[in-house]
Amino acid sequence: MASIDTSTRFQFTAVRCVLCLAFAMGCGDDSAAPGEDAGVRDGGAVDATLPDATLEDGGVGEDADRTEDAGTDGGPDAPPPEVADYYIALDGDDANPGTESEPFATVARALEVVGPGDLVYLREGVYRALVELTVDGTEEAPIRWEGHPGEAVIFRGPGRGGEPHAEQIRISGDWNVVRHVTVEDSSGPGIRVFADHAWIDDATLRECGTTGINFWTNTGGRVSNSYIFASYNQFGADGAPADGGGADGISFAHCEGGLITRTIAFGNSDDGYDFWGSNNTRIEGSYAVGNGINRWDGAGFEGDGNGFKMGNCDSRGNSGSRNVSWGHPRRGFDSNCAQETSIDHGISFDDRVGFHNRHANNPWNNNASFNSDRATAEMMDTPRRNSWDLDIEPVAADFENVTPPALTGEETAAEALALVEASRFLHPAAGSALLDQGEDLGDPFEGSAPDLGAFEREE
């Protein structure tokens, strides 16, 4: 597996970014427009968009190459796996009927028979082929491609600089769900979506050649319960690092109506999240951690270093709520000239600038910034009920815990999310100056008014 040195795997027990990046407006790529891919792909072409259904959480187990759990808990309390319509296994045979006892060998074979409403389980192992999902599901009956509960399913590429420079999983069929998988060492994006209503859930992505998860010119895409680590852009043929720009954790580029919930973007070379050219896309309950830092010692490094970038000047209506940013050399939350954006109940820690809002039509409210290297915020908005508008300067005693969770990049999505949530990092303490200082935005709250920041203290 192509890997950065373990000494640089981001032990964020006390991150303070000290890189001196220019404060020109970031262009933040969004990944280049799609072109022709060389190489062999296990599949065809499919569009993908998200259903509103809530999927049962089955869980994933261990990979032979890794000791950590590759997905959700597969312990004795986990529900039994569903009976799938088709099964794929590395020791299967495409001449088989695709049953549990006689599985197919490839995704390509499953694509010949799969249809709306079908569930396809992939059995444990490391899959090397490039995969393209090309069959449409429907809103009422999406197609589900899932790692089998209790098993680690890993899609592994040739590493940065490998040929072809392509995404490991491409979704080009509408209404497809990809769930309980790990993607690592892709030569290009880890997962790329060209279809409508794709849902990616419980995905772990490590060290992809460009953006970890990239939605491109589609509608209704969704990512949930996922973890994206160490995406790095533009490696040469020899794998040597180049400028690092444009490799975000998750990007929605020229999309409409996307949704991101409960994800972590950690240590990616450009931004954590980027809504470049997108409209009406929302992110909730997510974490951006130390993105845009030159961990690879690449010459001429140009990673933007923002946690949450809300789009570009063509973007409208993007929003975020209950998100956390820390350890960025540029900005935690950046409007980046996008208009009609809404950021509420966000919190920034140890970002060079916590919040940067360029337009007065962006109502950012109930946010808090703590321990920034520069000014708490650079805002063109009218004053609202944010910590800086209220002249509240949070101190360590305002929080239950101010030591960032020690992520390493080796965790699975389930492990990383559990670690962060159990840490109580930046949750307001009893007696905090942030309590009851917000504006009622229609969400439930304790006390006389909402608390500032990402977390409401439970009395």
# chains A, B, ... in the order shown; residues from 1 in each chain; ligands from 1

$ residues_around --residues "range 217-225 of chain A" --least-positions-apart "2" --cutoff "10 Å" --atoms "only C-alpha atoms" --output "VMD selection string"
chain A and resid 33 47 to 51 71 to 72 174 to 180 193 to 204 213 to 215 227 250 252 to 264 277 to 286 413 to 414 416 to 417

$ residues_around --residues "Asn268 in chain A" --least-positions-apart "6" --cutoff "10 Å" --atoms "only C-alpha atoms" --output "MDAnalysis selection string"
chainID A and resid 206:208 210:212 228:233 244:250 288:295 303 305 307

$ closest_residue --among "A:Asp77, A:Glu167, A:Glu184, A:Glu459" --to "Phe445 in chain A" --atoms "only C-alpha atoms"
A:Glu459

$ residues_around --residues "Leu122 in chain A" --least-positions-apart "3" --cutoff "6 Å" --atoms "only C-alpha atoms" --output "PyMOL selection string"
chain A and resi 87-88+147-148

$ write_last_selection --atoms "N, CA, C and O atoms" --output "CSV table (one decimal), in the first residue's frame"
chain,number,residue,atom,x,y,z
A,87,TYR,N,-24.5,-12.5,-4.9
A,87,TYR,CA,-23.3,-12.5,-4.1
A,87,TYR,C,-22.1,-12.5,-5.0
A,87,TYR,O,-22.2,-13.1,-6.1
A,88,ILE,N,-21.1,-11.8,-4.6
A,88,ILE,CA,-19.8,-11.7,-5.4
A,88,ILE,C,-18.7,-12.1,-4.4
A,88,ILE,O,-18.7,-11.6,-3.3
A,147,GLY,N,-20.7,-4.3,1.2
A,147,GLY,CA,-19.8,-5.3,1.8
A,147,GLY,C,-20.6,-6.2,2.8
A,147,GLY,O,-21.5,-5.6,3.5
A,148,HIS,N,-20.4,-7.4,2.8
A,148,HIS,CA,-21.2,-8.4,3.6
A,148,HIS,C,-21.0,-8.0,5.1
A,148,HIS,O,-19.8,-7.8,5.5

$ closest_residue --among "A:Glu378, A:Asp436, A:Asp304, A:Asp93" --to "Ser448 in chain A" --atoms "only C-alpha atoms"
A:Asp436

$ select_by_dssp --residues "range 191-312 of chain A" --states "strand (DSSP E or B)" --output "mmCIF file with N, CA and C atoms, in the first residue's frame"
data_model
loop_
_atom_site.group_PDB
_atom_site.id
_atom_site.type_symbol
_atom_site.label_atom_id
_atom_site.label_comp_id
_atom_site.auth_asym_id
_atom_site.auth_seq_id
_atom_site.Cartn_x
_atom_site.Cartn_y
_atom_site.Cartn_z
ATOM 1 N N ILE A 191 -13.886 7.275 -5.041
ATOM 2 C CA ILE A 191 -15.218 7.014 -5.585
ATOM 3 C C ILE A 191 -15.650 8.258 -6.338
ATOM 4 N N ARG A 192 -16.085 8.081 -7.572
ATOM 5 C CA ARG A 192 -16.551 9.220 -8.356
ATOM 6 C C ARG A 192 -17.947 8.932 -8.886
ATOM 7 N N VAL A 193 -18.801 9.957 -8.797
ATOM 8 C CA VAL A 193 -20.223 9.769 -9.108
ATOM 9 C C VAL A 193 -20.609 10.694 -10.255
ATOM 10 N N ALA A 198 -27.088 9.019 -5.950
ATOM 11 C CA ALA A 198 -26.197 7.995 -5.399
ATOM 12 C C ALA A 198 -26.059 8.217 -3.899
ATOM 13 N N TRP A 199 -25.966 7.127 -3.157
ATOM 14 C CA TRP A 199 -25.786 7.200 -1.710
ATOM 15 C C TRP A 199 -24.564 6.374 -1.352
ATOM 16 N N ILE A 200 -23.578 7.006 -0.726
ATOM 17 C CA ILE A 200 -22.386 6.329 -0.232
ATOM 18 C C ILE A 200 -22.444 6.364 1.287
ATOM 19 N N ASP A 201 -22.448 5.197 1.913
ATOM 20 C CA ASP A 201 -22.622 5.106 3.356
ATOM 21 C C ASP A 201 -21.586 4.155 3.947
ATOM 22 N N ASP A 202 -21.066 4.513 5.116
ATOM 23 C CA ASP A 202 -20.086 3.685 5.820
ATOM 24 C C ASP A 202 -18.936 3.303 4.898
ATOM 25 N N ALA A 203 -18.325 4.325 4.300
ATOM 26 C CA ALA A 203 -17.168 4.124 3.431
ATOM 27 C C ALA A 203 -15.928 4.701 4.106
ATOM 28 N N THR A 204 -14.827 3.970 4.017
ATOM 29 C CA THR A 204 -13.534 4.428 4.495
ATOM 30 C C THR A 204 -12.630 4.586 3.283
ATOM 31 N N LEU A 205 -12.058 5.785 3.100
ATOM 32 C CA LEU A 205 -11.176 6.029 1.965
ATOM 33 C C LEU A 205 -9.826 6.506 2.476
ATOM 34 N N ARG A 206 -8.759 5.893 1.963
ATOM 35 C CA ARG A 206 -7.409 6.238 2.402
ATOM 36 C C ARG A 206 -6.499 6.474 1.203
ATOM 37 N N ILE A 213 -13.964 11.330 -2.342
ATOM 38 C CA ILE A 213 -15.292 11.101 -2.920
ATOM 39 C C ILE A 213 -15.681 12.342 -3.708
ATOM 40 N N ASN A 214 -15.906 12.183 -5.004
ATOM 41 C CA ASN A 214 -16.194 13.312 -5.885
ATOM 42 C C ASN A 214 -17.525 13.089 -6.604
ATOM 43 N N PHE A 215 -18.504 13.970 -6.321
ATOM 44 C CA PHE A 215 -19.754 13.999 -7.075
ATOM 45 C C PHE A 215 -19.615 15.052 -8.173
ATOM 46 N N TRP A 216 -19.958 14.683 -9.412
ATOM 47 C CA TRP A 216 -19.727 15.573 -10.547
ATOM 48 C C TRP A 216 -21.019 15.770 -11.340
ATOM 49 N N THR A 219 -27.440 15.320 -9.283
ATOM 50 C CA THR A 219 -28.471 15.792 -8.373
ATOM 51 C C THR A 219 -28.707 14.766 -7.266
ATOM 52 N N ARG A 222 -25.575 11.728 -1.904
ATOM 53 C CA ARG A 222 -25.522 11.674 -0.448
ATOM 54 C C ARG A 222 -24.309 10.873 0.021
ATOM 55 N N VAL A 223 -23.663 11.381 1.105
ATOM 56 C CA VAL A 223 -22.596 10.653 1.784
ATOM 57 C C VAL A 223 -22.910 10.667 3.271
ATOM 58 N N SER A 224 -22.783 9.513 3.931
ATOM 59 C CA SER A 224 -23.046 9.448 5.363
ATOM 60 C C SER A 224 -22.101 8.459 6.032
ATOM 61 N N ASN A 225 -21.822 8.710 7.325
ATOM 62 C CA ASN A 225 -21.083 7.775 8.178
ATOM 63 C C ASN A 225 -19.763 7.337 7.563
ATOM 64 N N SER A 226 -19.027 8.273 6.979
ATOM 65 C CA SER A 226 -17.832 7.925 6.218
ATOM 66 C C SER A 226 -16.614 8.719 6.682
ATOM 67 N N TYR A 227 -15.430 8.263 6.266
ATOM 68 C CA TYR A 227 -14.139 8.767 6.749
ATOM 69 C C TYR A 227 -13.189 8.827 5.567
ATOM 70 N N ILE A 228 -12.651 10.010 5.298
ATOM 71 C CA ILE A 228 -11.790 10.200 4.137
ATOM 72 C C ILE A 228 -10.461 10.772 4.618
ATOM 73 N N PHE A 229 -9.384 10.055 4.356
ATOM 74 C CA PHE A 229 -8.077 10.362 4.908
ATOM 75 C C PHE A 229 -7.012 10.464 3.810
ATOM 76 N N ILE A 250 -14.183 15.321 0.477
ATOM 77 C CA ILE A 250 -15.413 15.134 -0.297
ATOM 78 C C ILE A 250 -15.672 16.405 -1.077
ATOM 79 N N SER A 251 -15.939 16.280 -2.362
ATOM 80 C CA SER A 251 -16.331 17.449 -3.149
ATOM 81 C C SER A 251 -17.618 17.153 -3.909
ATOM 82 N N PHE A 252 -18.495 18.154 -3.913
ATOM 83 C CA PHE A 252 -19.661 18.170 -4.779
ATOM 84 C C PHE A 252 -19.407 19.276 -5.797
ATOM 85 N N ALA A 253 -19.143 18.924 -7.036
ATOM 86 C CA ALA A 253 -18.763 19.878 -8.065
ATOM 87 C C ALA A 253 -19.885 20.039 -9.078
ATOM 88 N N GLU A 256 -26.436 19.618 -7.537
ATOM 89 C CA GLU A 256 -27.647 20.214 -6.992
ATOM 90 C C GLU A 256 -28.205 19.296 -5.901
ATOM 91 N N LEU A 259 -26.288 16.058 0.010
ATOM 92 C CA LEU A 259 -26.373 16.002 1.463
ATOM 93 C C LEU A 259 -25.218 15.169 2.009
ATOM 94 N N ILE A 260 -24.506 15.726 3.005
ATOM 95 C CA ILE A 260 -23.440 15.019 3.708
ATOM 96 C C ILE A 260 -23.802 15.009 5.184
ATOM 97 N N THR A 261 -23.781 13.836 5.810
ATOM 98 C CA THR A 261 -24.079 13.739 7.231
ATOM 99 C C THR A 261 -23.073 12.810 7.908
ATOM 100 N N ARG A 262 -22.602 13.232 9.092
ATOM 101 C CA ARG A 262 -21.780 12.412 9.984
ATOM 102 C C ARG A 262 -20.581 11.804 9.245
ATOM 103 N N THR A 263 -19.690 12.660 8.810
ATOM 104 C CA THR A 263 -18.481 12.222 8.126
ATOM 105 C C THR A 263 -17.271 12.926 8.729
ATOM 106 N N ILE A 264 -16.087 12.394 8.442
ATOM 107 C CA ILE A 264 -14.819 13.004 8.841
ATOM 108 C C ILE A 264 -13.943 13.122 7.605
ATOM 109 N N ALA A 265 -13.435 14.330 7.327
ATOM 110 C CA ALA A 265 -12.431 14.554 6.293
ATOM 111 C C ALA A 265 -11.140 14.967 6.993
ATOM 112 N N PHE A 266 -10.121 14.140 6.915
ATOM 113 C CA PHE A 266 -8.934 14.267 7.753
ATOM 114 C C PHE A 266 -7.651 14.207 6.918
ATOM 115 N N TYR A 273 -13.973 19.709 2.738
ATOM 116 C CA TYR A 273 -15.211 19.618 1.973
ATOM 117 C C TYR A 273 -15.280 20.825 1.048
ATOM 118 N N ASP A 274 -15.712 20.604 -0.188
ATOM 119 C CA ASP A 274 -15.797 21.686 -1.158
ATOM 120 C C ASP A 274 -17.063 21.523 -1.981
ATOM 121 N N ASN A 279 -25.149 23.967 -5.821
ATOM 122 C CA ASN A 279 -26.255 24.722 -5.235
ATOM 123 C C ASN A 279 -27.066 23.835 -4.291
ATOM 124 N N ARG A 282 -26.020 20.496 1.366
ATOM 125 C CA ARG A 282 -25.998 20.683 2.815
ATOM 126 C C ARG A 282 -25.065 19.675 3.474
ATOM 127 N N ILE A 283 -24.420 20.125 4.568
ATOM 128 C CA ILE A 283 -23.569 19.243 5.360
ATOM 129 C C ILE A 283 -23.931 19.402 6.827
ATOM 130 N N GLU A 284 -24.075 18.267 7.523
ATOM 131 C CA GLU A 284 -24.503 18.275 8.923
ATOM 132 C C GLU A 284 -23.667 17.286 9.735
ATOM 133 N N TYR A 287 -17.022 16.573 10.501
ATOM 134 C CA TYR A 287 -15.767 17.055 11.076
ATOM 135 C C TYR A 287 -14.733 17.242 9.970
ATOM 136 N N ALA A 288 -14.053 18.391 9.998
ATOM 137 C CA ALA A 288 -12.912 18.646 9.112
ATOM 138 C C ALA A 288 -11.683 18.789 9.991
ATOM 139 N N VAL A 289 -10.629 18.013 9.685
ATOM 140 C CA VAL A 289 -9.479 17.915 10.578
ATOM 141 C C VAL A 289 -8.178 18.061 9.795
ATOM 142 N N ASN A 306 -8.599 24.677 3.844
ATOM 143 C CA ASN A 306 -9.857 25.038 4.486
ATOM 144 C C ASN A 306 -10.573 23.780 4.973
ATOM 145 N N GLY A 307 -11.350 23.936 6.035
ATOM 146 C CA GLY A 307 -12.150 22.818 6.495
ATOM 147 C C GLY A 307 -13.396 22.628 5.649
ATOM 148 N N PHE A 308 -14.255 23.657 5.628
ATOM 149 C CA PHE A 308 -15.531 23.614 4.905
ATOM 150 C C PHE A 308 -15.555 24.777 3.924
ATOM 151 N N LYS A 309 -15.513 24.503 2.640
ATOM 152 C CA LYS A 309 -15.598 25.543 1.608
ATOM 153 C C LYS A 309 -16.974 25.453 0.971
#

$ atom_distance --atom1 "CA of Thr99 in chain A" --atom2 "CA of Asp85 in chain A"
7.4 Å

$ closest_atom_pairs --of "range 221-336 of chain A" --to "range 350-368 of chain A" --cutoff "8 Å" --atoms "only C-alpha atoms" --output "Markdown table"
| residue | atom | partner | partner_atom | distance |
| --- | --- | --- | --- | --- |
| A:Ser325 | CA | A:Asp351 | CA | 7.4 |
| A:Trp326 | CA | A:Asp350 | CA | 5.4 |
| A:Gly327 | CA | A:Asp350 | CA | 5.0 |
| A:His328 | CA | A:Asp351 | CA | 4.6 |
| A:Pro329 | CA | A:Arg352 | CA | 5.4 |
| A:Arg330 | CA | A:Arg352 | CA | 5.2 |
| A:Arg331 | CA | A:Val353 | CA | 4.7 |
| A:Gly332 | CA | A:Gly354 | CA | 4.8 |
| A:Phe333 | CA | A:Phe355 | CA | 4.8 |
| A:Asp334 | CA | A:His356 | CA | 4.8 |
| A:Ser335 | CA | A:Asn357 | CA | 5.0 |
| A:Asn336 | CA | A:Arg358 | CA | 7.0 |

$ write_last_selection --atoms "N, CA and C atoms" --output "compact mmCIF listing (two decimals), in the first residue's frame"
# COMPACT_ATOMS: atom_id res chain seq x y z
N SER A 325 -14.61 22.10 12.94
CA SER A 325 -13.37 22.23 12.18
C SER A 325 -12.22 22.48 13.14
N TRP A 326 -11.08 21.81 12.89
CA TRP A 326 -9.90 22.17 13.67
C TRP A 326 -8.60 21.87 12.91
N GLY A 327 -7.60 22.69 13.21
CA GLY A 327 -6.24 22.45 12.73
C GLY A 327 -6.01 22.78 11.28
N HIS A 328 -6.58 23.88 10.76
CA HIS A 328 -6.39 24.23 9.35
C HIS A 328 -5.51 25.47 9.20
N PRO A 329 -4.61 25.48 8.22
CA PRO A 329 -3.71 26.62 8.02
C PRO A 329 -4.37 27.82 7.38
N ARG A 330 -5.62 27.67 6.94
CA ARG A 330 -6.29 28.81 6.32
C ARG A 330 -7.57 29.15 7.06
N ARG A 331 -8.66 28.50 6.75
CA ARG A 331 -9.94 28.85 7.38
C ARG A 331 -10.70 27.58 7.74
N GLY A 332 -11.42 27.67 8.84
CA GLY A 332 -12.28 26.56 9.20
C GLY A 332 -13.51 26.50 8.32
N PHE A 333 -14.23 27.63 8.22
CA PHE A 333 -15.44 27.74 7.41
C PHE A 333 -15.27 28.93 6.48
N ASP A 334 -15.37 28.69 5.16
CA ASP A 334 -15.08 29.73 4.18
C ASP A 334 -16.22 29.80 3.16
N SER A 335 -16.86 30.98 3.05
CA SER A 335 -17.89 31.13 2.02
C SER A 335 -17.30 31.09 0.62
N ASN A 336 -16.02 31.54 0.48
CA ASN A 336 -15.31 31.51 -0.81
C ASN A 336 -16.13 32.18 -1.92

$ closest_residue --among "A:Ala129, A:Ala89, A:Ile347, A:Leu441" --to "Ala110 in chain A" --atoms "only C-alpha atoms"
A:Ala89
